[in-house]
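Source file: coords-v2.cif; contents: mmCIF, C-alpha atoms.
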data_target
#
loop_
_atom_site.label_atom_id
_atom_site.label_comp_id
_atom_site.auth_asym_id
_atom_site.auth_seq_id
_atom_site.Cartn_x
_atom_site.Cartn_y
_atom_site.Cartn_z
CA MET Z 80 -10.54 6.00 37.28
CA ASN Z 81 -11.81 8.15 34.39
CA ASP Z 82 -13.23 6.81 31.13
CA PHE Z 83 -10.02 7.11 29.18
CA GLU Z 84 -8.08 5.25 31.84
CA ASN Z 85 -10.66 2.47 31.52
CA ILE Z 86 -10.05 2.38 27.77
CA LYS Z 87 -6.30 2.29 28.33
CA THR Z 88 -6.63 -0.54 30.83
CA SER Z 89 -8.72 -2.53 28.34
CA TRP Z 90 -6.14 -1.86 25.66
CA THR Z 91 -3.15 -3.06 27.65
CA GLN Z 92 -5.17 -6.08 28.82
CA ASP Z 93 -5.38 -7.26 25.22
CA GLN Z 94 -2.84 -10.02 25.61
CA ARG Z 95 -3.93 -12.31 22.80
CA ALA Z 96 -1.47 -15.01 21.91
CA PHE Z 97 0.58 -13.29 19.21
CA ASP Z 98 3.24 -15.64 17.89
CA SER Z 99 6.49 -13.74 17.83
CA GLU Z 100 8.86 -16.68 18.07
CA THR Z 101 8.97 -18.18 14.61
CA GLY Z 102 7.18 -15.58 12.47
CA TYR Z 103 10.40 -13.76 11.58
CA LYS Z 104 11.50 -16.72 9.48
CA GLU Z 105 8.36 -16.28 7.38
CA ILE Z 106 9.37 -12.64 6.79
CA LEU Z 107 12.83 -13.63 5.59
CA LYS Z 108 11.30 -16.25 3.29
CA LYS Z 109 8.79 -13.75 1.90
CA SER Z 110 11.53 -11.21 1.31
CA LYS Z 111 13.48 -13.76 -0.75
CA GLN Z 112 10.31 -14.60 -2.71
CA ILE Z 113 9.71 -10.91 -3.48
CA ARG Z 114 13.27 -10.47 -4.75
CA LYS Z 115 12.80 -13.56 -6.91
CA LYS Z 116 9.50 -12.21 -8.28
CA GLN Z 117 11.16 -8.86 -9.08
CA ARG Z 118 13.86 -10.66 -11.02
CA ILE Z 119 11.23 -12.71 -12.88
CA GLY Z 120 9.35 -9.47 -13.62
CA GLN Z 121 12.46 -7.93 -15.15
CA ILE Z 122 13.08 -11.06 -17.23
CA VAL Z 123 9.44 -11.13 -18.45
CA LEU Z 124 9.62 -7.44 -19.33
CA GLY Z 125 12.84 -7.93 -21.27
CA ALA Z 126 11.50 -11.07 -22.97
CA THR Z 127 8.30 -9.25 -24.01
CA VAL Z 128 10.29 -6.51 -25.70
CA ILE Z 129 12.53 -9.05 -27.47
CA LEU Z 130 9.52 -11.16 -28.54
CA LEU Z 131 7.75 -8.13 -29.95
CA PHE Z 132 10.82 -7.30 -32.03
CA ILE Z 133 11.14 -10.90 -33.21
CA PHE Z 134 7.44 -10.84 -34.15
CA PHE Z 135 7.99 -7.56 -36.01
CA PHE Z 136 10.66 -9.14 -38.18
CA TYR Z 137 8.91 -12.52 -38.38
CA VAL Z 138 5.86 -11.01 -40.10
CA SER Z 139 8.28 -8.93 -42.26
CA ALA Z 140 6.50 -5.76 -41.18
CA TYR Z 141 9.44 -3.69 -42.49
CA LYS Z 142 8.59 -4.70 -46.09
CA ASN Z 143 5.16 -3.07 -46.02
CA THR Z 144 5.06 0.63 -45.09
CA ARG Z 145 1.56 0.47 -43.58
CA ALA Z 146 2.31 -2.65 -41.53
CA PHE Z 147 5.64 -1.15 -40.47
CA TRP Z 148 4.03 1.98 -39.09
CA GLY Z 149 0.95 0.25 -37.70
CA LEU Z 150 2.81 -2.45 -35.83
CA GLY Z 151 5.68 -0.11 -34.97
CA ILE Z 152 3.37 2.47 -33.36
CA MET Z 153 1.45 -0.20 -31.43
CA MET Z 154 4.61 -1.86 -30.16
CA SER Z 155 6.33 1.40 -29.26
CA SER Z 156 3.38 2.77 -27.28
CA LEU Z 157 3.01 -0.52 -25.42
CA ILE Z 158 6.72 -0.74 -24.57
CA ILE Z 159 6.92 2.92 -23.49
CA ARG Z 160 3.92 2.51 -21.19
CA ILE Z 161 5.17 -0.76 -19.62
CA VAL Z 162 8.63 0.68 -18.97
CA MET Z 163 7.14 3.90 -17.52
CA GLU Z 164 4.88 1.91 -15.20
CA TYR Z 165 7.76 -0.26 -14.08
CA TYR Z 166 9.90 2.73 -13.10
CA SER Z 167 6.96 4.55 -11.56
CA ILE Z 168 6.14 1.63 -9.26
CA ARG Z 169 9.82 1.37 -8.40
CA ASN Z 170 9.76 5.02 -7.33
CA LEU Z 171 6.85 4.30 -4.99
CA THR Z 172 8.65 1.40 -3.33
CA LYS Z 173 11.73 3.60 -2.92
CA ILE Z 174 9.90 6.02 -0.58
CA PRO Z 175 11.36 5.25 2.87
CA PRO Z 176 8.55 3.96 5.10
CA TYR Z 177 10.51 4.93 8.24
CA LYS Z 178 10.01 8.67 7.60
CA LYS Z 179 7.89 10.80 9.95
CA MET Z 180 4.22 10.36 9.07
CA LYS Z 181 3.89 13.94 7.79
CA ASP Z 182 7.01 13.66 5.60
CA TYR Z 183 5.97 10.26 4.30
CA ASN Z 184 2.52 11.57 3.38
CA GLN Z 185 4.09 14.54 1.58
CA LYS Z 186 6.26 12.17 -0.44
CA LEU Z 187 3.19 10.10 -1.31
CA ILE Z 188 1.39 13.26 -2.42
CA ASN Z 189 4.34 14.16 -4.66
CA TYR Z 190 4.33 10.65 -6.09
CA TYR Z 191 0.59 10.52 -6.83
CA THR Z 192 0.70 14.08 -8.22
CA SER Z 193 3.48 13.07 -10.61
CA ARG Z 194 1.33 10.09 -11.62
CA LYS Z 195 -1.32 12.56 -12.85
CA PHE Z 196 1.10 13.51 -15.65
CA ILE Z 197 1.17 9.85 -16.71
CA HIS Z 198 -2.59 9.39 -16.29
CA PHE Z 199 -3.84 12.53 -17.99
CA LEU Z 200 -1.19 13.12 -20.65
CA VAL Z 201 1.02 10.13 -21.37
CA THR Z 202 -1.60 7.36 -21.12
CA PRO Z 203 -4.26 9.02 -23.35
CA ILE Z 204 -1.60 9.87 -25.97
CA LEU Z 205 -0.16 6.35 -25.92
CA PHE Z 206 -3.63 4.79 -25.89
CA GLY Z 207 -4.57 6.96 -28.89
CA CYS Z 208 -1.36 5.93 -30.66
CA TYR Z 209 -2.08 2.27 -29.95
CA VAL Z 210 -5.58 2.52 -31.46
CA PHE Z 211 -4.21 4.56 -34.38
CA GLY Z 212 -1.56 1.88 -35.02
CA PHE Z 213 -4.29 -0.76 -35.01
CA ILE Z 214 -6.43 1.25 -37.47
CA LEU Z 215 -3.40 1.55 -39.77
CA LEU Z 216 -3.12 -2.24 -39.73
CA LEU Z 217 -6.77 -2.88 -40.65
CA PRO Z 218 -6.30 -2.74 -44.47
CA VAL Z 219 -3.35 -5.15 -44.10
CA PHE Z 220 -5.59 -7.52 -42.10
CA LYS Z 221 -8.37 -7.18 -44.69
CA LYS Z 222 -5.99 -8.00 -47.52
CA ASN Z 223 -4.34 -10.98 -45.83
CA LEU Z 224 -7.10 -12.54 -43.69
CA SER Z 225 -10.43 -14.19 -44.47
CA GLN Z 226 -13.55 -11.98 -44.28
CA GLY Z 227 -14.80 -13.85 -41.19
CA PHE Z 228 -11.59 -13.53 -39.27
CA TYR Z 229 -11.24 -9.90 -40.25
CA THR Z 230 -14.76 -9.14 -38.94
CA TYR Z 231 -13.92 -11.02 -35.74
CA ILE Z 232 -10.73 -8.98 -35.19
CA LEU Z 233 -12.56 -5.74 -35.94
CA TRP Z 234 -15.41 -6.35 -33.48
CA SER Z 235 -13.36 -7.95 -30.74
CA SER Z 236 -10.93 -5.02 -30.85
CA VAL Z 237 -13.80 -2.61 -30.11
CA PHE Z 238 -14.60 -4.53 -26.90
CA ILE Z 239 -10.92 -4.95 -25.99
CA PHE Z 240 -10.21 -1.23 -26.34
CA LEU Z 241 -13.37 -0.37 -24.44
CA GLY Z 242 -12.49 -2.81 -21.65
CA LEU Z 243 -8.96 -1.47 -21.51
CA ALA Z 244 -10.21 2.12 -21.29
CA ILE Z 245 -12.56 1.20 -18.41
CA LEU Z 246 -9.76 -0.67 -16.60
CA ILE Z 247 -7.44 2.33 -16.93
CA ALA Z 248 -10.18 4.72 -15.78
CA VAL Z 249 -10.93 2.61 -12.68
CA GLN Z 250 -7.24 2.49 -11.78
CA ILE Z 251 -6.87 6.25 -12.25
CA LYS Z 252 -9.97 6.88 -10.11
CA LYS Z 253 -8.52 4.72 -7.30
CA GLU Z 254 -5.25 6.65 -7.31
CA LEU Z 255 -7.01 10.01 -7.43
CA LEU Z 256 -9.06 9.00 -4.39
CA ILE Z 257 -5.87 8.14 -2.50
CA LEU Z 258 -4.41 11.53 -3.49
CA LYS Z 259 -7.57 13.32 -2.36
CA GLN Z 260 -7.49 11.45 0.94
CA LEU Z 261 -3.80 12.29 1.46
CA LYS Z 262 -4.37 15.99 0.78
CA LYS Z 263 -7.28 15.98 3.22
CA GLU Z 264 -5.10 14.33 5.88
CA ILE Z 265 -2.18 16.70 5.43
CA SER Z 266 -4.37 19.80 5.57
CA TYR Z 267 -5.98 18.65 8.82
CA MET L 139 25.26 -9.23 16.02
CA SER L 140 24.36 -10.47 12.52
CA LYS L 141 21.60 -8.73 10.57
CA GLU L 142 19.34 -11.77 10.95
CA LYS L 143 19.86 -12.01 14.72
CA HIS L 144 19.28 -8.26 15.05
CA PHE L 145 16.03 -8.56 13.08
CA GLN L 146 14.92 -11.56 15.14
CA LYS L 147 15.30 -9.49 18.32
CA ILE L 148 13.43 -6.54 16.81
CA TYR L 149 10.65 -8.86 15.71
CA LYS L 150 10.35 -10.56 19.09
CA ASP L 151 10.43 -7.31 21.05
CA HIS L 152 7.94 -5.41 18.91
CA TYR L 153 5.58 -7.94 17.36
CA ALA L 154 2.77 -7.60 19.93
CA LYS L 155 2.98 -3.80 19.93
CA VAL L 156 2.85 -3.58 16.14
CA MET L 157 0.00 -6.10 16.03
CA ARG L 158 -2.04 -4.10 18.58
CA LEU L 159 -1.49 -0.91 16.60
CA CYS L 160 -2.59 -2.59 13.38
CA LEU L 161 -5.66 -3.98 15.17
CA GLY L 162 -6.52 -0.44 16.23
CA TYR L 163 -6.29 0.82 12.67
CA LEU L 164 -8.20 -2.16 11.29
CA ASN L 165 -11.19 -2.10 13.62
CA GLY L 166 -9.96 -5.14 15.52
CA ASN L 167 -9.87 -7.34 12.41
CA GLU L 168 -7.25 -9.91 13.43
CA ASP L 169 -6.71 -11.56 10.03
CA LEU L 170 -6.06 -8.26 8.27
CA ALA L 171 -3.94 -7.04 11.18
CA LYS L 172 -1.75 -10.15 10.95
CA ASP L 173 -1.15 -9.56 7.22
CA LEU L 174 -0.35 -5.93 7.82
CA THR L 175 1.98 -6.73 10.72
CA GLN L 176 3.84 -9.08 8.40
CA GLU L 177 4.04 -6.28 5.83
CA VAL L 178 5.45 -3.91 8.48
CA PHE L 179 8.20 -6.35 9.45
CA LEU L 180 8.94 -7.13 5.83
CA LYS L 181 9.61 -3.43 5.25
CA ALA L 182 11.64 -3.30 8.47
CA TRP L 183 13.82 -6.17 7.24
CA GLN L 184 14.27 -4.62 3.79
CA HIS L 185 15.16 -1.18 5.19
CA LEU L 186 17.16 -2.36 8.21
CA PRO L 187 20.51 -1.44 6.56
CA ASN L 188 19.20 2.16 6.36
CA PHE L 189 18.64 2.37 10.12
CA ARG L 190 21.23 4.92 11.22
CA GLY L 191 20.29 5.10 14.87
CA ASN L 192 19.09 8.73 14.65
CA SER L 193 15.99 7.60 16.53
CA THR L 194 15.30 4.63 18.78
CA ILE L 195 14.49 1.35 17.02
CA GLU L 196 11.03 1.56 18.61
CA THR L 197 10.33 4.96 16.99
CA TRP L 198 11.64 3.59 13.69
CA ILE L 199 9.35 0.54 13.82
CA TYR L 200 6.35 2.64 14.89
CA ARG L 201 6.91 5.00 11.95
CA ILE L 202 6.88 2.06 9.54
CA THR L 203 3.73 0.72 11.25
CA VAL L 204 1.84 4.02 11.11
CA ASN L 205 2.82 4.68 7.47
CA THR L 206 2.07 1.12 6.32
CA CYS L 207 -1.29 0.91 8.10
CA LEU L 208 -2.48 4.31 6.89
CA GLN L 209 -1.50 3.61 3.29
CA GLU L 210 -3.37 0.29 3.46
CA LEU L 211 -6.45 2.01 4.89
CA ARG L 212 -6.41 4.52 2.03
CA LYS L 213 -6.55 1.62 -0.43
CA LYS L 214 -9.48 -0.02 1.36
CA LYS L 215 -12.88 1.59 1.40
CA SER L 216 -13.70 0.54 4.94
CA VAL L 217 -12.82 -2.26 7.32
CA ALA L 218 -15.69 -3.99 9.03
CA LEU L 219 -15.57 -4.63 12.73
CA GLN L 220 -14.64 -8.24 13.41
CA PRO L 221 -17.55 -10.06 15.07
CA GLU L 222 -15.44 -12.51 17.07
CA LEU L 223 -13.23 -9.84 18.43
CA ILE L 224 -11.86 -11.80 21.33
CA SER L 225 -10.69 -15.34 20.80
CA GLU L 226 -12.11 -18.06 22.99
CA GLU L 227 -8.77 -18.92 24.57
CA THR L 228 -8.64 -15.58 26.33
CA SER L 229 -10.70 -15.47 29.48
CA ILE L 230 -12.07 -12.02 28.73
CA THR L 231 -15.67 -11.57 29.75
CA LYS L 232 -18.57 -10.64 27.53
CA GLU L 233 -18.54 -7.23 29.14
CA ALA L 234 -14.91 -6.71 28.15
CA GLU L 235 -15.74 -7.82 24.61
CA ILE L 236 -18.44 -5.17 24.38
CA ARG L 237 -15.98 -2.61 25.74
CA PHE L 238 -13.43 -3.58 23.07
CA THR L 239 -15.96 -3.30 20.28
CA ALA L 240 -17.02 0.14 21.50
CA MET L 241 -13.39 1.19 21.83
CA TYR L 242 -12.45 0.17 18.28
CA ARG L 243 -15.59 1.79 16.90
CA CYS L 244 -14.82 5.05 18.69
CA ILE L 245 -11.15 5.05 17.64
CA ASN L 246 -12.30 4.71 14.06
CA THR L 247 -14.42 7.85 14.25
CA LEU L 248 -11.22 9.89 14.73
CA SER L 249 -9.25 11.54 11.92
CA THR L 250 -6.28 9.47 10.71
CA GLU L 251 -3.75 11.69 12.47
CA ASN L 252 -5.65 11.69 15.77
CA LYS L 253 -6.16 7.95 15.43
CA SER L 254 -2.39 7.46 15.11
CA ILE L 255 -1.69 9.74 18.09
CA ILE L 256 -4.16 8.02 20.40
CA LEU L 257 -3.15 4.50 19.37
CA LEU L 258 0.45 5.34 20.23
CA GLU L 259 -0.69 6.91 23.50
CA LEU L 260 -2.62 3.73 24.33
CA GLU L 261 0.61 1.81 23.70
CA GLU L 262 2.21 4.11 26.29
CA VAL L 263 4.67 5.56 23.82
CA PRO L 264 6.19 8.74 25.35
CA GLN L 265 4.70 11.96 23.93
CA GLN L 266 8.12 13.15 22.74
CA GLU L 267 8.38 9.95 20.71
CA ILE L 268 4.83 10.33 19.35
CA ALA L 269 5.85 13.78 18.12
CA ALA L 270 8.87 12.24 16.37
CA ILE L 271 6.71 9.56 14.75
CA ILE L 272 3.97 11.87 13.49
CA GLY L 273 6.17 14.86 12.68
CA ILE L 274 4.48 17.54 14.80
CA GLY L 275 5.64 19.44 17.90
CA HIS L 276 5.62 17.98 21.40
CA GLN L 277 3.27 20.68 22.66
CA ALA L 278 0.85 20.01 19.81
CA VAL L 279 0.82 16.31 20.71
CA ARG L 280 0.06 17.11 24.35
CA THR L 281 -2.85 19.41 23.44
CA ARG L 282 -4.15 16.96 20.88
CA ILE L 283 -4.05 14.00 23.30
CA HIS L 284 -6.01 15.96 25.89
CA ARG L 285 -8.70 16.75 23.32
CA ILE L 286 -8.86 13.20 21.90
CA LYS L 287 -9.12 11.65 25.38
CA GLN L 288 -12.25 13.72 26.06
CA GLN L 289 -13.68 12.89 22.63
CA LEU L 290 -12.99 9.18 23.10
CA SER L 291 -14.33 9.00 26.65
CA LYS L 292 -17.54 10.69 25.54
CA CYS L 293 -17.91 8.36 22.58
CA VAL L 294 -17.35 5.16 24.60
CA LYS L 295 -19.85 6.35 27.22
CA ASN L 296 -22.49 6.89 24.53
CA GLU L 297 -21.90 3.52 22.87
#

Turn the structure described in the file into structure tokens.
Amino acid sequence: MNDFENIKTSWTQDQRAFDSETGYKEILKKSKQIRKKQRIGQIVLGATVILLFIFFFYVSAYKNTRAFWGLGIMMSSLIIRIVMEYYSIRNLTKIPPYKKMKDYNQKLINYYTSRKFIHFLVTPILFGCYVFGFILLLPVFKKNLSQGFYTYILWSSVFIFLGLAILIAVQIKKELLILKQLKKEISY
Amino acid sequence: MSKEKHFQKIYKDHYAKVMRLCLGYLNGNEDLAKDLTQEVFLKAWQHLPNFRGNSTIETWIYRITVNTCLQELRKKKSVALQPELISEETSITKEAEIRFTAMYRCINTLSTENKSIILLELEEVPQQEIAAIIGIGHQAVRTRIHRIKQQLSKCVKNE
């Protein structure tokens, strides 16, 4: 018997007790949970948009031009990005996993390449708009809030924006690594 | 047969095979392999209405397994070899345990495509079917298997 045959024999001898009797029920349960979570996700997304609009009118942002534009730009960029992410993730889950490995990998490459448009163009523009909207609001904050609270908002925002930028960068790096890996695999 | 009954049969018939494949991709890490096997069958259940019968159900399940495992591996930096590779209930000797460890280690030195081909070959999947799972020609699979067998044998011997 040659070495590979030895390996093959070892492989087929691996008869560990894999439970295949009841596990399928777990799958059906998990599938229901996922569908439920997706529905909750849609509700949360819708509720967030509605709440942001209610907040917009609650603080009477439409009465003050600066507050209108500041809050409006911040809200719009946030909503656009959330909706884009939602549909983008949906596109990923729509890729049929039963495709031939080569075809599936090509579809993943197309997906992650299309994500570069979001990462390198849409996200920086929207992030810039978000910060710009916040800067527009600063004089409104200064006028309406105490000096202490204003200073707190100003400094905490610096750290929040910085943290957000790092988080986005890390996520982008992860996806770019997957894309690089996929391209390497397909060119093999 | 109802969809649920059909799925139950698919699950029962293929669970061990899928699990072994996942173990091969995940360096013998049983906990991770279990999670991934569950993920494979979850996708199978969700996409079962799309199964048109253009391929055998086995090929269909193996495609989902290969694609799911590889995508998971891309997300992870590396998967450590599980120390307690063989559970105590199995009466496999220490020597066999060492052989398993060497085997998993050697499989993981292969490129992702070669890894998929050889894992399917170890599962005794016909070469024609391996070609249909990977998406390359039958002849290419045959040549590739010959080369990987030599590579693997050499690696295990040196371990």

Using the chain letters and residue numbers of this document, give as number ranges by chain the residues selected by the PyMOL selection byres ((chain L and resi 211) around 12). Z: 256-257, 260-261; L: 160-165, 170-171, 174, 204-210, 212-218, 246, 250

Residues matched by the PyMOL selection byres ((chain L and resi 177) around 12) as a PyMOL selection string: (chain Z and resi 102-103+105-107+109-110+113+176) or (chain L and resi 153+156-157+160+170-176+178-184+199+202-207+209-210)

Could you tell me which residues the PyMOL selection byres ((chain Z and resi 211) around 12) grabs in this file, written as a list in words?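 Selected by the PyMOL selection byres ((chain Z and resi 211) around 12) in this file: Arg145, Trp148, Gly149, Leu150, Gly151, Ile152, Met153, Met154, Ser156, Pro203, Ile204, Leu205, Phe206, Gly207, Cys208, Tyr209, Val210, Gly212, Phe213, Ile214, Leu215, Leu216, Leu217 and Phe240 of chain Z.
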
Find the residues near L:Ile195: any atom within 10 Å, counting only C-alpha atoms, skip ones fewer than 5 places away on the same chain, and give them as a ChimeraX atom specification. /L:148,152,186,189-190,200-201

Do me a favour and pick out the residues of chain Z within 6 Å of chain L, using only C-alpha atoms, as a ChimeraX atom specification. /Z:82-83,87,99,106,176-177,179-181,257

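A straight line drawn from atom CA of Z:Ser236 to atom CA of Z:Tyr141 is 23.5 Å long.
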
Identify the residues around (4.9, 6.4, -11.5) within a radius of 8 Å, measuring from all atoms listed in the file in the coordinates stated by the file, and give them as an MDAnalysis selection string. chainID Z and resid 163:171 190:191 193:194 197

Point-to-point distance in Å for atom CA of Z:Thr127 and atom CA of Z:Pro218: 26.0 Å

Build an axis-aligned box that encloses every atom of stretch 146-155 of chain L listed in the file, pad it by 8 Å on each side, and report its centre and edge lengths in Å to one decimal, as JSON.
{"center_x": 9.0, "center_y": -7.7, "center_z": 18.1, "size_x": 28.5, "size_y": 23.8, "size_z": 21.9}

Looking at Z:Ser235, Z:Asn223, Z:Thr192, Z:Thr202, which one is nearest to Z:Leu255, with distances taken over all atoms listed in the file?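 Distance minimum relative to Z:Leu255 lands on Z:Thr192.
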
Mind pulling up the distance from atom CA of Z:Lys259 to atom CA of L:His284?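 The value is 28.4 Å.
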
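Between L:His144 and the residues L:Ser193, L:Pro187, L:Leu159, L:Ile245, the shortest atom-to-atom distance, using all atoms listed in the file, involves L:Pro187.
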
Who sits within 12 Å of Z:Leu124, only C-alpha atoms, same chain under 2 positions skipped, as number ranges by chain: Z: 117-122, 126-131, 157-166
